[in-house]
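Comments concern the structure below.
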Amino acid sequence: MALPVAFGGLRKVLRACEDAAPDVVRALARAHPSEWNRLFPGAIDGVPDLSDLALTPSERRLHRESEQMFWVLNVAAKVIVETLRACGRPLVLHGAGECDLVSLRAVMRAAEWSRLEGLDGTLLLTGWNVRRPHGAAGFASRRQAYLDSLCDRMRAPRVSGPGPVSSRAVEPAVDLEGRYLQLVVDGSQAREDRVAAAILAIRSCFFTTNYEGAMLAAEQGLALLEEDADAALASRVARAWDVLDTGFTTPAIEIDRSNLGDVEELRALFARSMGVVHVFTGAHEEAMEAFGRGLACRVPPELVARLHMFRALTLTKRFGQLPNARAEVEAGVAALERCTSPDRALQEGWLRNVCALTWFQERKLDKALVEEKLAMRCVGDLHDASATHLKINLISNASYLQETARQYADAIATWRRFESISAKWGVNFAKHHRYRLAGLELAGGERDAAVAHFTEAYANADALGDSFHRQVIAAELGRLFLDEQQHALAVEWFARAEEHARAVGDPLKTAESLAGLAVAAGRTDWSEALRCARASTTWPKETAALTDALERGDAKAVQAALPRARTKLNRPFDLVSLY
């Protein structure tokens, strides 16, 4: 692909799979219509949007995990694996180095899955060091490291050094992200159209976890703003936005028409977006610099406060520099003293929320609680999407504070406030809610209630066809019953866990489930569990611990390596993550 459009390379692979094994591919598409529609927009009518079924990243919380992209890339990987099995021929990807990184993450996933299925050596990649014509300059030095990481995960030989630039032409767009990125790099288009498209491309790339595409759009947008001083440019960008925008808004990423402002505000928006991309890809020093460049722009105090919030959160979550983070919060609050914007209180609420997190990490729970209460006071009377997003965070955080203080009854009561906020929570929310409720009950000694609510969370995941979280819950219930020496129930749950682990193609979780099943059933044949564990490249540390216990044939060590129930269902989607 000439442009780093998410799924650009993957769509070519999946079309080739359909040519090779049409019945297999079409059956899987029908079985996963929401994911298939994200890959091929409008391919299947009348199905739920993926946003109804799975969670997105969160810009405000600098939380990169995307349940949506996990499912899309996992379905694509399954299509590749099942095609390889059906046709008995290897899949050869020519010019693989030109491929967008989102697509290559699906190929990486397919490689691990194929090892679980005994289909080793059926994926071949050529042209690994060929570069595409359009790419983000900020990714040029890092892309080789990402490709090396992909090789390690696929157990493929590395190819050193960048090769020639491809002469591939830009291809017709099949989705909004492709359309926006094409417009961004099209020098024949009006400058305002390209700037507006750059902002819209960043928003689109956020949801597809296309960090290179977002960086390219931000770089191009900033360059276009620097071309010449034009006081009327910002108003023309706003008009272009109105033509190009679909009207989509969400608190997951606060990029809408209200963000446009003057040229300085546009510069700050691009800098903020670059900072978020840097955080999500582990370049934390670069993130702080990018947020700093935003602060150097002449922008209103509420935007100053937001940039300080991002710096504070980066210092807290990525550097552990808690006093420095609080200094950023103080700077943001000070900026708001001269703010007359309607969202002044909201910005302070987010800053207070980060400040509470810094005190929480220092285990100064009383100070954390003070900040949480101040944050809630800021947004108590606000009801827009961002305020609601913050309120959900604040209720959750208050419950975590109480849990940390071992005040389980209070933590449960706080957590159950969600039940009175809305009767319209979806099944996906209920899945996470019942799981945490169960975890708190288990910690507080309410074992029977905990088992009932873990089982409800499993049923919620079942209603969504969510094998990832069904596996998590089933394996943890298996461990719970195993520890209680209720071997028949442990066998039942570990068997379910194995089924779901195989359904998502996870070698380590399959190995854990098989190992738990063997311990619960009193068997000592660890060979299949060991084979599956050795196929895993996603979690080296956990895999090494389990493999060591299995190789020694130590049933107690095997049991100790199995996952226990927690109080949060969120898990990293590292199976499809590079960074």
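Identifiers in the structure tokens: chain A, B, ... in order shown; residue index from 1 per chain; ligand index from 1 in order shown.
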Set the distance at 10 Å and use only C-alpha atoms: which residues neighbour Phe573 (chain A) once local chain neighbours fewer than 4 positions away are removed? I'd like the list as an MDAnalysis selection string.
chainID A and resid 64:67 69:71 468 538 577:578
Identify, on the basis of only C-alpha atoms, every residue whose closest approach to Leu3 (chain A) does not exceed 7 Å; exclude the query and any residue fewer than 3 positions from it along the same chain; express the result as a ChimeraX atom specification.
/A:134-135,170
Prev. selection, N, CA and C atoms, output as a PDB file, in the first residue's frame:
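selection14.pdb, written as the output of this step:
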```pdb
ATOM      1  N   HIS A 134       4.564   6.787   0.896  1.00  0.00           N
ATOM      2  CA  HIS A 134       4.096   7.745   1.894  1.00  0.00           C
ATOM      3  C   HIS A 134       4.189   7.114   3.284  1.00  0.00           C
ATOM      4  N   GLY A 135       4.839   7.813   4.197  1.00  0.00           N
ATOM      5  CA  GLY A 135       4.943   7.330   5.571  1.00  0.00           C
ATOM      6  C   GLY A 135       5.232   8.489   6.495  1.00  0.00           C
ATOM      7  N   VAL A 170      -1.114   5.347  -5.099  1.00  0.00           N
ATOM      8  CA  VAL A 170      -2.220   5.404  -4.148  1.00  0.00           C
ATOM      9  C   VAL A 170      -3.438   4.732  -4.773  1.00  0.00           C
TER      10      VAL A 170
END
```
What's the 9 Å shell around Ala565 (chain A), counting only C-alpha atoms, without same-chain residues fewer than 6 positions away, as a VMD selection string?
chain A and resid 439 442 472 to 473 475 to 477 479 to 480
Please list as a ChimeraX atom specification every residue within 9 Å of Ala268 (chain A), counting only C-alpha atoms and excluding residues in the same chain fewer than 6 positions away.
/A:291,293-299,303,307
Among region 360-480 of chain A, which residues does DSSP mark as helix (DSSP H, G or I) when it is run on the backbone? Keep the chain and numbering as in the structure and answer as a ChimeraX atom specification.
/A:360-361,365-379,385-404,408-415,417-421,427-443,447-463,467-480
I'd like the neighbourhood of Tyr180 (chain A) as a PyMOL selection string, where a residue qualifies if any of its atoms comes within 6 Å (using only C-alpha atoms), though same-chain residues fewer than 3 positions away should be ignored.
chain A and resi 177+183+197+201
Could you please take those selected residues and save N, CA, C and O atoms as a compact mmCIF listing (two decimals), in the first residue's frame?
```
# COMPACT_ATOMS: atom_id res chain seq x y z
N GLU A 177 -11.20 6.46 6.52
CA GLU A 177 -9.80 6.67 6.86
C GLU A 177 -8.95 6.78 5.61
O GLU A 177 -8.11 7.68 5.48
N LEU A 183 -6.63 12.45 0.83
CA LEU A 183 -6.81 13.89 0.68
C LEU A 183 -5.66 14.66 1.33
O LEU A 183 -5.17 15.67 0.80
N ALA A 197 -8.98 17.35 6.56
CA ALA A 197 -8.86 15.90 6.38
C ALA A 197 -7.83 15.31 7.33
O ALA A 197 -8.00 14.18 7.81
N ALA A 201 -8.60 12.38 9.77
CA ALA A 201 -7.83 11.14 9.65
C ALA A 201 -7.29 10.72 11.00
O ALA A 201 -7.28 9.52 11.34
```
Could you make a table, as JSON lines, of the residues of region 193-214 of chain A that have an atom within 8 Å of an atom of region 269-281 of chain A, each with its nearest atom pair and distance in Å to one decimal, counting only C-alpha atoms, in chain and number order?
```
{"residue": "A:Ile199", "atom": "CA", "partner": "A:Phe270", "partner_atom": "CA", "distance": 7.6}
{"residue": "A:Ile202", "atom": "CA", "partner": "A:Ser273", "partner_atom": "CA", "distance": 7.4}
{"residue": "A:Tyr211", "atom": "CA", "partner": "A:Val277", "partner_atom": "CA", "distance": 5.9}
{"residue": "A:Ala214", "atom": "CA", "partner": "A:Val277", "partner_atom": "CA", "distance": 7.4}
```
Pick out the residues sitting within 10 Å of region 350-358 of chain A, and hand them over as a ChimeraX atom specification; count only C-alpha atoms, and ignore anything fewer than 2 positions along from it in its own chain.
/A:60-61,305-306,308-310,312-317,320-333,345-348,360-376,378-379,386-387,390-391,393-394,397-398,401
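Among the candidates A:Arg377, A:Arg267, A:Arg564, A:His453, the one nearest to Tyr435 (chain A) when counting only C-alpha atoms is A:His453.
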With a distance cut-off of 7 Å and only C-alpha atoms, select the neighbouring residues of Leu440 (chain A), excluding the residue or stretch itself and same-chain residues fewer than 6 positions from it, and output the selection as number ranges by chain.
A: 408, 412, 567
Next, dump the selected residues to file, keeping only all heavy atoms, as a PDB file, in the first residue's frame.
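Wrote it out as result_31.pdb, contents follow:
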```pdb
ATOM      1  N   TYR A 408     -14.090  -3.598  51.698  1.00  0.00           N
ATOM      2  CA  TYR A 408     -14.763  -4.267  50.579  1.00  0.00           C
ATOM      3  C   TYR A 408     -16.257  -3.973  50.515  1.00  0.00           C
ATOM      4  O   TYR A 408     -16.816  -3.817  49.429  1.00  0.00           O
ATOM      5  CB  TYR A 408     -14.496  -5.771  50.643  1.00  0.00           C
ATOM      6  CG  TYR A 408     -13.035  -6.102  50.488  1.00  0.00           C
ATOM      7  CD1 TYR A 408     -12.317  -6.696  51.522  1.00  0.00           C
ATOM      8  CD2 TYR A 408     -12.348  -5.785  49.322  1.00  0.00           C
ATOM      9  CE1 TYR A 408     -10.968  -6.987  51.391  1.00  0.00           C
ATOM     10  CE2 TYR A 408     -10.994  -6.059  49.178  1.00  0.00           C
ATOM     11  CZ  TYR A 408     -10.312  -6.661  50.222  1.00  0.00           C
ATOM     12  OH  TYR A 408      -8.976  -6.933  50.089  1.00  0.00           O
ATOM     13  N   ILE A 412     -17.964  -2.317  47.281  1.00  0.00           N
ATOM     14  CA  ILE A 412     -19.103  -2.935  46.587  1.00  0.00           C
ATOM     15  C   ILE A 412     -20.253  -1.947  46.477  1.00  0.00           C
ATOM     16  O   ILE A 412     -20.874  -1.797  45.409  1.00  0.00           O
ATOM     17  CB  ILE A 412     -19.538  -4.213  47.328  1.00  0.00           C
ATOM     18  CG1 ILE A 412     -18.481  -5.318  47.149  1.00  0.00           C
ATOM     19  CG2 ILE A 412     -20.904  -4.689  46.834  1.00  0.00           C
ATOM     20  CD1 ILE A 412     -18.687  -6.510  48.061  1.00  0.00           C
ATOM     21  N   THR A 567     -10.146  -8.419  40.345  1.00  0.00           N
ATOM     22  CA  THR A 567     -11.292  -7.534  40.551  1.00  0.00           C
ATOM     23  C   THR A 567     -11.546  -6.627  39.344  1.00  0.00           C
ATOM     24  O   THR A 567     -12.442  -5.799  39.383  1.00  0.00           O
ATOM     25  CB  THR A 567     -11.089  -6.652  41.802  1.00  0.00           C
ATOM     26  OG1 THR A 567      -9.879  -5.917  41.671  1.00  0.00           O
ATOM     27  CG2 THR A 567     -11.046  -7.501  43.068  1.00  0.00           C
TER      28      THR A 567
END
```
Per residue of region 113-179 of chain A within 9 Å of region 484-506 of chain A, which atom pair is closest and at what distance in Å (one decimal), using only C-alpha atoms, listed by chain and increasing number, as a tab-separated table?
```
residue	atom	partner	partner_atom	distance
A:Trp113	CA	A:Gly505	CA	4.9
A:Ser114	CA	A:Gly505	CA	8.1
A:Leu116	CA	A:Gly505	CA	6.9
A:Glu117	CA	A:Gly505	CA	8.2
```
